[in-house]
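> My structure is stored as run-v4.txt, with compact mmCIF, C-alpha atoms.
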# COMPACT_ATOMS: atom_id res chain seq x y z
CA MET A 1 89.78 82.72 90.36
CA ASP A 2 87.26 83.11 93.13
CA GLU A 3 88.21 86.40 94.77
CA LYS A 4 85.53 85.89 97.42
CA ASN A 5 87.76 83.29 99.04
CA ILE A 6 91.02 85.18 98.85
CA TYR A 7 91.64 86.96 102.13
CA LEU A 8 93.69 90.14 102.35
CA CYS A 9 93.01 90.76 106.04
CA ARG A 10 92.24 87.67 108.06
CA CYS A 11 91.59 89.61 111.27
CA GLU A 12 88.72 91.55 109.72
CA ASN A 13 87.65 89.09 106.98
CA PHE A 14 88.42 91.55 104.18
CA THR A 15 88.59 89.78 100.83
CA LEU A 16 90.09 90.61 97.45
CA LYS A 17 86.55 90.71 96.03
CA GLU A 18 85.52 93.35 98.56
CA LEU A 19 88.61 95.42 97.79
CA HIS A 20 87.99 95.24 94.04
CA ASP A 21 84.34 96.24 94.57
CA LEU A 22 85.49 99.32 96.50
CA LEU A 23 88.07 100.19 93.86
CA ASP A 24 85.53 99.69 91.06
CA SER A 25 83.15 102.04 92.85
CA GLY A 26 85.81 104.75 92.71
CA ILE A 27 87.20 104.54 96.23
CA THR A 28 90.93 104.28 95.73
CA SER A 29 92.43 105.95 98.78
CA MET A 30 93.91 103.47 101.21
CA GLU A 31 92.87 105.65 104.16
CA GLU A 32 89.25 105.48 103.02
CA ILE A 33 89.46 101.79 102.20
CA LYS A 34 90.82 101.13 105.68
CA ARG A 35 87.94 102.96 107.33
CA LEU A 36 85.28 101.33 105.15
CA SER A 37 86.61 97.78 105.31
CA ARG A 38 88.36 97.80 108.70
CA GLY A 39 91.26 96.09 106.90
CA THR A 40 94.51 96.61 108.93
CA MET A 41 92.44 97.46 112.03
CA GLY A 42 92.22 94.01 113.65
CA PRO A 43 94.23 92.43 116.45
CA CYS A 44 97.43 92.20 114.38
CA GLN A 45 97.14 95.89 113.47
CA GLY A 46 97.93 95.31 109.80
CA LYS A 47 101.17 93.37 110.17
CA THR A 48 100.03 90.88 107.54
CA CYS A 49 97.66 92.78 105.27
CA ARG A 50 98.91 96.34 105.09
CA ASP A 51 101.39 95.68 102.29
CA LEU A 52 99.04 93.25 100.50
CA ILE A 53 96.25 95.83 100.36
CA ALA A 54 98.59 98.63 99.30
CA LYS A 55 100.13 96.48 96.57
CA GLU A 56 96.71 95.52 95.23
CA ILE A 57 95.64 99.19 95.13
CA ALA A 58 98.91 100.08 93.38
CA ASN A 59 98.35 97.36 90.76
CA TYR A 60 94.78 98.52 90.19
CA LEU A 61 95.83 102.15 89.73
CA ASN A 62 98.96 101.20 87.82
CA LYS A 63 101.02 103.12 90.34
CA ASP A 64 104.15 102.47 92.34
CA MET A 65 103.74 101.17 95.91
CA SER A 66 105.46 104.29 97.24
CA GLU A 67 102.66 106.46 95.77
CA ILE A 68 99.96 104.78 97.85
CA ASP A 69 98.68 106.74 100.85
CA MET A 70 99.67 104.30 103.57
CA PRO A 71 97.74 104.98 106.78
CA THR A 72 99.69 106.23 109.80
CA TYR A 73 100.70 103.96 112.65
CA ARG A 74 99.04 104.89 115.89
CA ALA A 75 99.74 103.98 119.48
CA PRO A 76 99.43 101.46 120.99
CA VAL A 77 100.93 98.85 118.65
CA LYS A 78 98.93 96.04 120.22
CA PRO A 79 95.55 95.90 121.91
CA VAL A 80 95.84 96.72 125.61
CA LYS A 81 93.10 96.79 128.25
CA LEU A 82 91.88 100.20 129.39
CA GLY A 83 92.02 98.98 132.97
CA GLU A 84 95.77 98.51 132.66
CA ILE A 85 96.20 102.05 131.41
CA ALA A 86 93.95 103.45 134.13
CA GLY A 87 96.12 101.77 136.76
CA GLY A 88 99.29 102.98 135.12
CA ASN A 89 99.49 106.19 137.16
CA LYS A 90 101.07 104.42 140.09
CA ASN A 91 104.28 104.41 138.09
CA ALA A 92 104.24 108.12 137.21
CA MET B 93 108.53 107.33 135.69
CA LEU B 94 111.60 105.21 135.07
CA HIS B 95 114.57 106.54 133.16
CA THR B 96 117.35 104.76 131.30
CA GLU B 97 120.30 105.92 129.23
CA ILE B 98 119.71 103.59 126.29
CA ALA B 99 116.41 101.80 125.70
CA ILE B 100 116.79 98.83 123.37
CA ILE B 101 113.58 97.43 121.95
CA GLY B 102 113.83 93.80 120.92
CA GLY B 103 116.00 91.10 122.50
CA GLY B 104 116.91 89.20 119.35
CA PRO B 105 120.41 89.02 117.84
CA ALA B 106 120.51 92.75 117.02
CA GLY B 107 119.12 93.96 120.34
CA MET B 108 121.27 91.68 122.50
CA CYS B 109 124.44 92.69 120.63
CA ALA B 110 123.45 96.35 120.93
CA ALA B 111 123.02 95.95 124.69
CA ILE B 112 126.35 94.15 125.11
CA ALA B 113 128.18 96.75 123.01
CA ALA B 114 126.66 99.78 124.74
CA ALA B 115 127.03 98.41 128.27
CA GLY B 116 130.56 97.33 127.39
CA GLN B 117 131.38 101.02 127.03
CA GLY B 118 129.77 101.85 130.38
CA ALA B 119 126.28 102.96 129.35
CA ARG B 120 123.22 101.99 131.37
CA VAL B 121 120.89 99.96 129.20
CA THR B 122 117.34 98.68 129.46
CA LEU B 123 116.64 95.79 127.08
CA PHE B 124 113.01 94.98 126.31
CA ASP B 125 111.57 91.84 124.77
CA ARG B 126 107.99 90.72 124.47
CA GLY B 127 108.98 87.04 124.77
CA LYS B 128 109.44 85.18 128.04
CA LYS B 129 113.10 84.72 127.15
CA LEU B 130 115.67 86.69 125.18
CA GLY B 131 116.90 85.35 121.86
CA GLY B 132 114.32 86.38 119.28
CA GLN B 133 114.34 84.16 116.24
CA LEU B 134 117.71 82.66 117.18
CA VAL B 135 116.06 80.29 119.65
CA LYS B 136 114.41 78.35 116.83
CA GLN B 137 117.44 78.18 114.55
CA THR B 138 118.65 74.63 115.06
CA HIS B 139 121.07 74.81 112.10
CA ARG B 140 124.68 75.92 112.14
CA PHE B 141 125.37 79.45 110.94
CA PHE B 142 127.49 80.50 107.98
CA GLY B 143 129.52 83.66 107.75
CA SER B 144 132.66 84.47 109.67
CA GLU B 145 133.89 83.17 113.00
CA LYS B 146 133.36 86.54 114.68
CA GLU B 147 129.64 86.16 114.01
CA TYR B 148 129.60 82.63 115.42
CA ALA B 149 129.79 80.70 112.13
CA GLY B 150 129.59 76.95 112.69
CA ILE B 151 127.47 77.36 115.83
CA ARG B 152 123.76 76.62 115.92
CA GLY B 153 121.46 79.63 116.27
CA ILE B 154 120.00 78.34 119.51
CA ASP B 155 123.49 78.12 121.04
CA ILE B 156 124.36 81.63 119.84
CA ALA B 157 121.27 82.82 121.70
CA LYS B 158 122.60 81.18 124.88
CA ILE B 159 126.05 82.75 124.52
CA LEU B 160 124.61 86.24 124.00
CA CYS B 161 121.97 85.76 126.68
CA ASP B 162 124.61 84.78 129.28
CA GLU B 163 126.67 87.80 128.39
CA VAL B 164 123.65 90.10 128.74
CA GLU B 165 122.63 88.58 132.06
CA LYS B 166 126.03 88.84 133.70
CA ASN B 167 126.37 92.52 132.77
CA LYS B 168 125.09 94.60 135.69
CA LEU B 169 124.60 97.66 133.49
CA ILE B 170 121.92 95.86 131.46
CA ASP B 171 118.42 95.76 132.92
CA VAL B 172 116.46 93.05 131.11
CA LYS B 173 112.69 93.30 130.85
CA THR B 174 111.17 90.21 129.24
CA ASP B 175 107.46 89.52 128.78
CA THR B 176 107.33 93.23 128.06
CA THR B 177 105.90 94.81 124.93
CA ILE B 178 106.66 98.37 123.97
CA LEU B 179 103.34 99.99 123.05
CA ALA B 180 104.34 103.41 121.81
CA ILE B 181 107.08 106.00 121.50
CA TYR B 182 105.72 109.51 121.95
CA ASN B 183 107.32 112.66 120.60
CA ASP B 184 108.04 113.99 124.10
CA GLY B 185 110.37 111.00 124.54
CA VAL B 186 108.03 108.91 126.69
CA ILE B 187 107.99 105.20 125.88
CA THR B 188 105.00 103.22 127.12
CA TYR B 189 105.07 99.47 127.66
CA GLU B 190 103.10 96.57 128.98
CA GLU B 191 105.11 94.49 131.45
CA GLY B 192 103.14 91.37 132.18
CA LYS B 193 99.74 92.91 132.79
CA ASN B 194 100.99 96.33 133.89
CA TYR B 195 101.06 99.49 131.84
CA LYS B 196 104.22 101.49 132.50
CA ARG B 197 106.30 104.37 131.20
CA ILE B 198 109.98 105.08 130.76
CA THR B 199 112.13 107.78 129.20
CA SER B 200 115.52 107.30 127.59
CA GLU B 201 118.41 109.39 126.30
CA LYS B 202 118.81 107.15 123.25
CA THR B 203 116.64 104.42 121.81
CA ILE B 204 117.64 101.50 119.59
CA ILE B 205 114.78 99.87 117.71
CA ALA B 206 115.51 96.23 116.90
CA THR B 207 112.01 94.83 116.56
CA GLY B 208 112.76 92.45 113.69
CA ALA B 209 110.34 91.52 110.95
CA SER B 210 107.03 89.77 110.43
CA GLU B 211 106.10 87.15 107.86
CA LYS B 212 104.62 88.04 104.50
CA MET B 213 101.36 86.46 103.38
CA LEU B 214 100.35 85.34 99.91
CA LEU B 215 97.06 85.76 98.06
CA PHE B 216 95.45 82.53 96.84
CA GLU B 217 92.03 80.97 97.15
CA ASN B 218 91.15 79.71 100.63
CA ASN B 219 94.28 81.27 102.13
CA ASP B 220 92.42 81.55 105.45
CA LEU B 221 92.09 77.79 105.98
CA PRO B 222 93.66 76.33 109.12
CA GLY B 223 96.79 74.54 107.92
CA VAL B 224 98.16 77.59 106.12
CA TYR B 225 101.21 78.59 108.16
CA GLY B 226 104.08 81.01 107.97
CA ALA B 227 107.45 79.26 107.99
CA GLY B 228 108.43 81.11 111.16
CA ALA B 229 105.28 79.86 112.87
CA VAL B 230 106.14 76.30 111.84
CA GLN B 231 109.61 76.73 113.35
CA THR B 232 108.13 78.07 116.58
CA LEU B 233 105.74 75.14 116.80
CA MET B 234 108.34 72.49 116.04
CA ASN B 235 111.60 73.78 117.42
CA GLU B 236 110.30 75.61 120.47
CA HIS B 237 107.22 73.63 121.44
CA GLY B 238 107.95 70.22 119.91
CA ILE B 239 104.73 70.08 117.90
CA VAL B 240 104.61 69.14 114.20
CA PRO B 241 102.16 71.16 112.10
CA GLY B 242 100.84 68.16 110.13
CA ASN B 243 101.93 65.22 108.02
CA LYS B 244 102.43 66.40 104.45
CA VAL B 245 103.67 69.86 103.58
CA LEU B 246 103.77 72.06 100.53
CA MET B 247 106.52 74.64 101.07
CA ILE B 248 106.12 77.89 99.17
CA GLY B 249 109.39 79.74 98.72
CA ALA B 250 112.81 78.31 97.89
CA GLY B 251 114.79 80.95 99.72
CA ASN B 252 116.94 80.00 102.71
CA ILE B 253 114.01 80.00 105.14
CA GLY B 254 111.91 77.74 102.90
CA LEU B 255 114.82 75.34 102.37
CA ILE B 256 115.94 75.22 106.00
CA VAL B 257 112.43 74.82 107.40
CA SER B 258 111.78 72.03 104.85
CA TYR B 259 114.84 70.22 106.14
CA GLN B 260 113.77 70.74 109.74
CA LEU B 261 110.30 69.37 108.91
CA MET B 262 111.93 66.25 107.49
CA GLN B 263 114.09 65.92 110.60
CA ALA B 264 110.84 65.92 112.58
CA GLY B 265 109.46 63.11 110.40
CA VAL B 266 107.12 65.27 108.35
CA LYS B 267 106.91 64.65 104.60
CA VAL B 268 107.63 67.63 102.35
CA GLU B 269 105.78 66.94 99.10
CA ALA B 270 107.36 69.79 97.17
CA ILE B 271 109.02 73.17 97.48
CA ILE B 272 107.76 75.65 94.91
CA ASP B 273 108.94 79.14 94.02
CA ALA B 274 107.51 81.69 91.60
CA SER B 275 110.99 82.76 90.57
CA PRO B 276 112.81 80.80 87.84
CA ASN B 277 115.76 80.42 90.25
CA ILE B 278 116.25 78.95 93.69
CA GLY B 279 116.79 81.92 96.01
CA GLY B 280 118.54 80.12 98.86
CA TYR B 281 122.09 78.79 99.19
CA LEU B 282 122.92 75.83 96.98
CA VAL B 283 124.08 73.72 99.94
CA HIS B 284 120.65 73.93 101.54
CA ALA B 285 118.87 73.22 98.22
CA SER B 286 121.11 70.23 97.46
CA LYS B 287 120.50 68.78 100.91
CA VAL B 288 116.71 68.67 100.52
CA LYS B 289 116.96 67.57 96.87
CA ARG B 290 119.16 64.62 97.91
CA LEU B 291 116.41 63.59 100.30
CA GLY B 292 114.00 63.39 97.37
CA VAL B 293 112.09 66.65 97.67
CA PRO B 294 111.36 68.25 94.30
CA ILE B 295 112.08 71.98 94.04
CA LEU B 296 109.76 73.38 91.38
CA THR B 297 110.82 76.83 90.20
CA SER B 298 108.46 79.04 88.12
CA HIS B 299 105.55 77.55 90.05
CA THR B 300 102.89 79.14 92.21
CA ILE B 301 99.92 78.08 94.33
CA LYS B 302 96.45 78.70 92.91
CA ARG B 303 94.29 77.48 95.73
CA ALA B 304 94.13 75.54 98.93
CA LEU B 305 91.62 72.70 99.02
CA GLY B 306 89.53 71.64 101.99
CA LYS B 307 86.54 72.67 104.05
CA GLU B 308 87.55 72.85 107.70
CA SER B 309 91.28 72.73 107.13
CA VAL B 310 93.81 72.19 104.35
CA GLU B 311 93.27 68.88 102.53
CA GLY B 312 95.25 69.66 99.40
CA ALA B 313 96.72 72.34 97.18
CA VAL B 314 96.57 73.20 93.50
CA ILE B 315 99.79 74.51 91.99
CA CYS B 316 100.60 75.62 88.44
CA GLU B 317 103.49 76.71 86.27
CA LEU B 318 104.35 80.33 85.52
CA ASP B 319 105.67 81.66 82.19
CA GLU B 320 108.54 84.16 81.74
CA LYS B 321 106.12 86.98 82.52
CA TRP B 322 105.12 85.27 85.80
CA GLN B 323 101.65 84.48 84.40
CA PRO B 324 99.98 81.11 85.06
CA VAL B 325 100.32 78.63 82.17
CA SER B 326 96.92 77.06 81.52
CA GLY B 327 96.73 73.31 81.61
CA THR B 328 99.65 72.98 84.02
CA GLU B 329 97.53 72.72 87.16
CA LYS B 330 98.50 69.94 89.49
CA GLU B 331 96.86 68.78 92.69
CA LEU B 332 99.03 67.91 95.68
CA ASP B 333 97.87 65.81 98.61
CA VAL B 334 98.98 67.93 101.59
CA ASP B 335 97.56 69.02 104.94
CA VAL B 336 99.94 71.93 105.52
CA ILE B 337 100.79 74.85 103.27
CA CYS B 338 103.83 76.63 104.59
CA LEU B 339 104.62 80.15 103.38
CA ALA B 340 108.24 81.26 103.23
CA VAL B 341 107.68 84.20 100.95
CA GLY B 342 109.67 86.86 102.72
CA LEU B 343 109.54 89.17 105.69
CA SER B 344 108.40 92.74 106.28
CA PRO B 345 110.33 94.98 108.69
CA GLN B 346 108.28 95.62 111.85
CA SER B 347 108.36 99.34 111.72
CA GLU B 348 105.35 100.52 113.76
CA LEU B 349 107.47 101.90 116.59
CA LEU B 350 109.85 103.53 114.15
CA ARG B 351 106.87 105.26 112.56
CA HIS B 352 105.81 106.64 115.94
CA THR B 353 109.08 108.57 116.04
CA GLY B 354 108.33 110.18 112.69
CA CYS B 355 111.64 109.16 111.14
CA GLU B 356 111.92 109.17 107.36
CA VAL B 357 111.26 105.88 105.60
CA LYS B 358 111.54 104.75 102.02
CA TYR B 359 109.97 101.87 100.11
CA VAL B 360 112.74 99.55 98.93
CA PRO B 361 111.40 96.10 97.94
CA GLY B 362 114.88 94.52 98.05
CA LEU B 363 115.14 95.43 101.74
CA GLY B 364 111.70 94.05 102.62
CA GLY B 365 109.43 97.09 102.13
CA TYR B 366 109.35 100.36 104.07
CA VAL B 367 112.70 100.85 105.76
CA PRO B 368 114.16 103.78 107.70
CA MET B 369 116.78 106.15 106.31
CA ARG B 370 119.88 105.91 108.49
CA ASP B 371 123.46 107.14 108.67
CA GLY B 372 126.65 105.12 109.13
CA ASN B 373 126.00 105.01 112.89
CA LEU B 374 122.57 103.47 112.17
CA GLN B 375 120.91 106.59 113.52
CA THR B 376 117.60 107.39 111.81
CA THR B 377 116.59 110.88 110.71
CA VAL B 378 115.31 111.44 114.26
CA ASN B 379 118.08 112.39 116.66
CA GLY B 380 118.76 109.66 119.21
CA ILE B 381 116.69 106.96 117.50
CA TYR B 382 118.78 104.10 116.10
CA VAL B 383 117.86 100.92 114.21
CA ALA B 384 119.47 97.52 113.84
CA GLY B 385 118.64 94.14 112.35
CA ASP B 386 115.62 93.17 110.28
CA THR B 387 113.77 96.38 111.20
CA ALA B 388 116.47 98.26 109.30
CA GLU B 389 116.47 95.85 106.36
CA VAL B 390 115.45 92.21 106.11
CA GLU B 391 118.73 90.31 106.02
CA GLU B 392 119.94 87.59 108.36
CA ALA B 393 121.07 87.07 111.94
CA SER B 394 124.82 87.50 111.37
CA SER B 395 124.46 90.99 109.97
CA ALA B 396 121.79 91.80 112.57
CA MET B 397 124.38 91.05 115.29
CA VAL B 398 126.96 93.33 113.66
CA GLU B 399 124.40 96.09 113.14
CA GLY B 400 123.32 95.77 116.76
CA THR B 401 126.94 96.19 117.85
CA ILE B 402 127.40 99.26 115.65
CA ALA B 403 124.17 100.86 116.90
CA GLY B 404 125.06 100.07 120.53
CA LEU B 405 128.55 101.53 120.18
CA SER B 406 127.20 104.63 118.43
CA ALA B 407 124.55 105.27 121.05
CA ALA B 408 127.12 104.87 123.86
CA GLU B 409 129.57 107.13 122.04
CA SER B 410 126.95 109.84 121.62
CA LEU B 411 126.45 109.81 125.39
CA GLY B 412 130.16 110.38 125.90
CA TYR B 413 131.18 106.84 126.83
CA GLY B 414 134.26 104.98 125.62
CA LYS B 415 137.53 106.12 124.16
CA ASN B 416 138.44 104.50 120.88
CA ILE B 417 134.93 103.81 119.75
CA SER B 418 135.33 105.13 116.23
CA GLU B 419 138.20 102.70 115.57
CA LEU B 420 136.19 99.83 117.03
CA LYS B 421 133.18 100.80 114.96
CA LYS B 422 135.26 100.86 111.79
CA SER B 423 136.16 97.21 112.26
CA PHE B 424 132.50 96.24 112.65
CA ILE B 425 131.50 98.32 109.64
CA SER B 426 134.06 96.44 107.57
CA ASP B 427 132.70 93.15 108.94
CA LEU B 428 129.26 94.21 107.77
CA ASP B 429 130.65 95.03 104.33
CA SER B 430 132.27 91.62 104.05
CA LEU B 431 129.05 89.85 105.10
CA ARG B 432 127.34 91.73 102.30
CA SER B 433 130.04 91.08 99.70
CA GLY B 434 129.72 88.76 96.72
CA ALA B 435 126.66 87.63 94.82
CA VAL B 436 124.69 86.76 97.98
CA GLY B 437 124.85 90.32 99.28
CA GLU B 438 123.92 91.95 95.98
CA LYS B 439 120.25 92.52 96.87
CA ILE B 440 121.13 94.20 100.17
CA ARG B 441 123.94 96.28 98.66
CA SER B 442 121.77 97.64 95.86
CA GLY B 443 118.87 98.15 98.29
CA ILE B 444 121.00 100.22 100.64
CA GLN B 445 122.30 102.17 97.67
CA LYS B 446 118.70 102.93 96.65
CA LEU B 447 118.05 104.12 100.16
CA GLY B 448 120.68 106.73 99.41
CA CYS B 449 122.60 106.52 102.64
Represent the structure contained in this file as structure tokens.

Amino acid sequence: MDEKNIYLCRCENFTLKELHDLLDSGITSMEEIKRLSRGTMGPCQGKTCRDLIAKEIANYLNKDMSEIDMPTYRAPVKPVKLGEIAGGNKNA
Amino acid sequence: MLHTEIAIIGGGPAGMCAAIAAAGQGARVTLFDRGKKLGGQLVKQTHRFFGSEKEYAGIRGIDIAKILCDEVEKNKLIDVKTDTTILAIYNDGVITYEEGKNYKRITSEKTIIATGASEKMLLFENNDLPGVYGAGAVQTLMNEHGIVPGNKVLMIGAGNIGLIVSYQLMQAGVKVEAIIDASPNIGGYLVHASKVKRLGVPILTSHTIKRALGKESVEGAVICELDEKWQPVSGTEKELDVDVICLAVGLSPQSELLRHTGCEVKYVPGLGGYVPMRDGNLQTTVNGIYVAGDTAEVEEASSAMVEGTIAGLSAAESLGYGKNISELKKSFISDLDSLRSGAVGEKIRSGIQKLGC
């Protein structure tokens, strides 16, 4: 199986091979993996890959999904232009 | 800043029913949906629904959307904001949203989150090739925009979505080469499975996809058999000549906004993943925040409509509206129980039991 061509996060081009390399190097926290790989940080904000990455980490560590340190969800839930926010005061 | 009594996020079956129920008791409601039109996933459901008459059994999803939409629109207590995406719920009660291209804010007494679910993805080689679609995306393309995704399809997942979308593809003149499922059993209703089987589509259980073939886009797929331990059986690889790989491998509750509120969630695979703890009123562990529909647990539209009604009634009741709401609610709670009865509802029943509420 060619893990180089198996994509976990299509927004940020994060592959299964890259995840396994991180895990093999001893980095097993999902928070750290997110920051290093940018996985879950693309336009879809992790809708597709969050669970896939967490499940893969859980399998690797032989843990339950619920034990994985899922990153927090931050506002806003979708990309929005700064200009729109700057003009938002008119509604205050 | 705007203010509303009940903010309802998501204008699908759950959100529309919540709005109708709450406004029916006299509450002022603002209903948000990111789409141009209300209806959520109902607008692409061209098949007739099952279930009981009260939940519109025998009517096509798209027509149910129209019925609910008309009811929402004629109710003066419901302010509808379409083409509007909620961006965040802050802990001081401020909800921010993007309406068209404008960034705005609103506060609410109560909030019902009915944001639905998103499609799950599968890991296999070349899963980023154009031609790999989610089944919901295929439905949007075909049933909303009148565009077929390709000519020959491999459907992955023999649950109801996989079976129904396969049938819809065939109605649109697209060939479905095979439906495969990793499980040894067909997950969907037998009537749907029989219908596609009669039309000559093989349903291969205990099968999975190994890789997609192709350079610029999907030109084929390699599938293989799985043993009792769900491991690939060597020598069973088979190449299929397809240009579309359609994934119907489940849904994940869209819980970002729920997470902003800080409500307690629990991982329950049978309910779709991380789902919120809730009481009988569908209120989460955060006071005033309710859930309904696939965000609460991945199920189907009939139960989403009943949950929406329960959440809408509860939110209105907590604001002091209505008289005999608890009696009314009881009847909907028993409807929900009957929708979840029998073998079909087993997964949901045991999931909700695991949730411990």
> Using all atoms listed in the file, which residues sit within 12 Å of A:Glu12 once same-chain residues fewer than 3 positions away are excluded, as a list in words?
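That gives Tyr7, Leu8, Cys9, Thr15, Glu18, Lys34, Arg35, Leu36, Ser37, Arg38, Gly39, Thr40, Met41, Gly42, Pro43, Cys44, Gln45, Gly46, Thr48 and Cys49 of chain A; Asp220 of chain B.
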> List the spatial neighbours of stretch 177-188 of chain B as JSON, numbers by chain - criterion: any atom at most 9 Å away, only C-alpha atoms, same-chain residues fewer than 5 positions off excluded.
{"A": [74, 75, 76, 77, 78, 79, 80], "B": [101, 102, 124, 125, 126, 127, 195, 196, 197, 198, 199, 200, 201, 348, 349, 350, 351, 352, 353, 354]}
> Determine, counting only C-alpha atoms, which protein, DNA and RNA residues have an atom within 9 Å of an atom of A:Ile57; residues of the same chain fewer than 2 positions away are not included. Present the result as a ChimeraX atom specification.
/A:19-20,23,28-30,52-55,59-63,65,68
> Pick out the closest residue to B:Ser410 from this set: B:Val325, B:Met108, B:Ile381, B:Leu296. Count all atoms listed in the file.
B:Ile381
> Which neighbours of stretch 425-440 of chain B fall inside 10 Å, counting all atoms listed in the file, when residues of the same chain fewer than 5 positions from it are skipped, and could you give them as an mmCIF file with C-alpha atoms, keeping the file's coordinate frame?

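Okay, result.cif is ready:
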data_model
loop_
_atom_site.group_PDB
_atom_site.id
_atom_site.type_symbol
_atom_site.label_atom_id
_atom_site.label_comp_id
_atom_site.auth_asym_id
_atom_site.auth_seq_id
_atom_site.Cartn_x
_atom_site.Cartn_y
_atom_site.Cartn_z
ATOM 1 C CA PHE B 142 127.490 80.500 107.980
ATOM 2 C CA GLY B 143 129.520 83.660 107.750
ATOM 3 C CA SER B 144 132.660 84.470 109.670
ATOM 4 C CA LYS B 146 133.360 86.540 114.680
ATOM 5 C CA GLU B 147 129.640 86.160 114.010
ATOM 6 C CA GLY B 279 116.790 81.920 96.010
ATOM 7 C CA GLY B 280 118.540 80.120 98.860
ATOM 8 C CA TYR B 281 122.090 78.790 99.190
ATOM 9 C CA PRO B 361 111.400 96.100 97.940
ATOM 10 C CA GLY B 362 114.880 94.520 98.050
ATOM 11 C CA LEU B 363 115.140 95.430 101.740
ATOM 12 C CA GLY B 364 111.700 94.050 102.620
ATOM 13 C CA GLY B 372 126.650 105.120 109.130
ATOM 14 C CA ASN B 373 126.000 105.010 112.890
ATOM 15 C CA GLU B 389 116.470 95.850 106.360
ATOM 16 C CA VAL B 390 115.450 92.210 106.110
ATOM 17 C CA GLU B 391 118.730 90.310 106.020
ATOM 18 C CA GLU B 392 119.940 87.590 108.360
ATOM 19 C CA SER B 394 124.820 87.500 111.370
ATOM 20 C CA SER B 395 124.460 90.990 109.970
ATOM 21 C CA ALA B 396 121.790 91.800 112.570
ATOM 22 C CA MET B 397 124.380 91.050 115.290
ATOM 23 C CA VAL B 398 126.960 93.330 113.660
ATOM 24 C CA GLU B 399 124.400 96.090 113.140
ATOM 25 C CA THR B 401 126.940 96.190 117.850
ATOM 26 C CA ILE B 402 127.400 99.260 115.650
ATOM 27 C CA GLU B 419 138.200 102.700 115.570
ATOM 28 C CA LEU B 420 136.190 99.830 117.030
ATOM 29 C CA GLN B 445 122.300 102.170 97.670
ATOM 30 C CA LYS B 446 118.700 102.930 96.650
#
> Enter the distance from atom CA of B:Trp322 to atom CA of B:Asn277, in Å, rounded to one decimal.
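The value is 12.5 Å.
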> Closest to chain A among B:Leu94, B:Met369, B:Ala403, B:Val121, using all atoms listed in the file?
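Among the listed residues, the smallest separation from chain A belongs to B:Leu94.
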> Separation of atom CA of B:Thr387 and atom CA of B:Ile253, in Å?
17.5 Å
> What is the distance between atom CA of B:Leu123 and atom CA of B:Gly238, in Å to one decimal?
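Computing the Euclidean distance for atom CA of B:Leu123 and atom CA of B:Gly238 yields 27.9 Å.
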> A:Ile33, A:Met70, A:Ile85, A:Met1: which is nearest A:Asp21, counting all atoms listed in the file?
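Closest to A:Asp21, using all atoms listed in the file: A:Ile33.
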> Determine the nearest neighbour of chain B from the options A:Cys11, A:Ile27, A:Ala58, A:Leu22, counting only C-alpha atoms.
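Counting only C-alpha atoms, the residue closest to chain B is A:Cys11.
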> Considering only C-alpha atoms, state which residue in the set B:Lys267, B:Lys307, B:Arg370, B:Lys212 is at the smallest distance from chain A.
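The shortest atom-to-atom distance to chain A comes from B:Lys212.
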> Given the choices A:Asp24, A:Asp69, A:Asp51, A:Glu31, which gets closest to chain B if the distance is worked out from all atoms listed in the file?
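Once distances to chain B are computed over all atoms listed in the file, the minimum belongs to A:Asp51.
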> Find the spatial neighbours of stretch 239-248 of chain B, counting all atoms listed in the file, within a cut-off of 9 Å - ignore same-chain residues fewer than 4 positions away - and output them as a count of residues only.
38
> Complete stretch 124-132 of chain B at the level of N, CA and C atoms, written as a compact mmCIF listing (two decimals), in the coordinates of the input.

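Resulting contents of result-v1.txt:
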# COMPACT_ATOMS: atom_id res chain seq x y z
N PHE B 124 114.39 95.47 126.25
CA PHE B 124 113.01 94.98 126.31
C PHE B 124 112.77 93.86 125.32
N ASP B 125 112.03 92.84 125.74
CA ASP B 125 111.57 91.84 124.77
C ASP B 125 110.19 91.34 125.17
N ARG B 126 109.36 91.14 124.16
CA ARG B 126 107.99 90.72 124.47
C ARG B 126 107.92 89.23 124.82
N GLY B 127 108.97 88.48 124.47
CA GLY B 127 108.98 87.04 124.77
C GLY B 127 109.31 86.79 126.23
N LYS B 128 109.13 85.54 126.66
CA LYS B 128 109.44 85.18 128.04
C LYS B 128 110.96 85.11 128.23
N LYS B 129 111.65 84.84 127.11
CA LYS B 129 113.10 84.72 127.15
C LYS B 129 113.71 85.57 126.06
N LEU B 130 114.96 85.98 126.25
CA LEU B 130 115.67 86.69 125.18
C LEU B 130 116.03 85.70 124.07
N GLY B 131 116.41 86.22 122.93
CA GLY B 131 116.90 85.35 121.86
C GLY B 131 116.24 85.60 120.51
N GLY B 132 115.01 86.11 120.55
CA GLY B 132 114.32 86.38 119.28
C GLY B 132 114.24 85.14 118.43
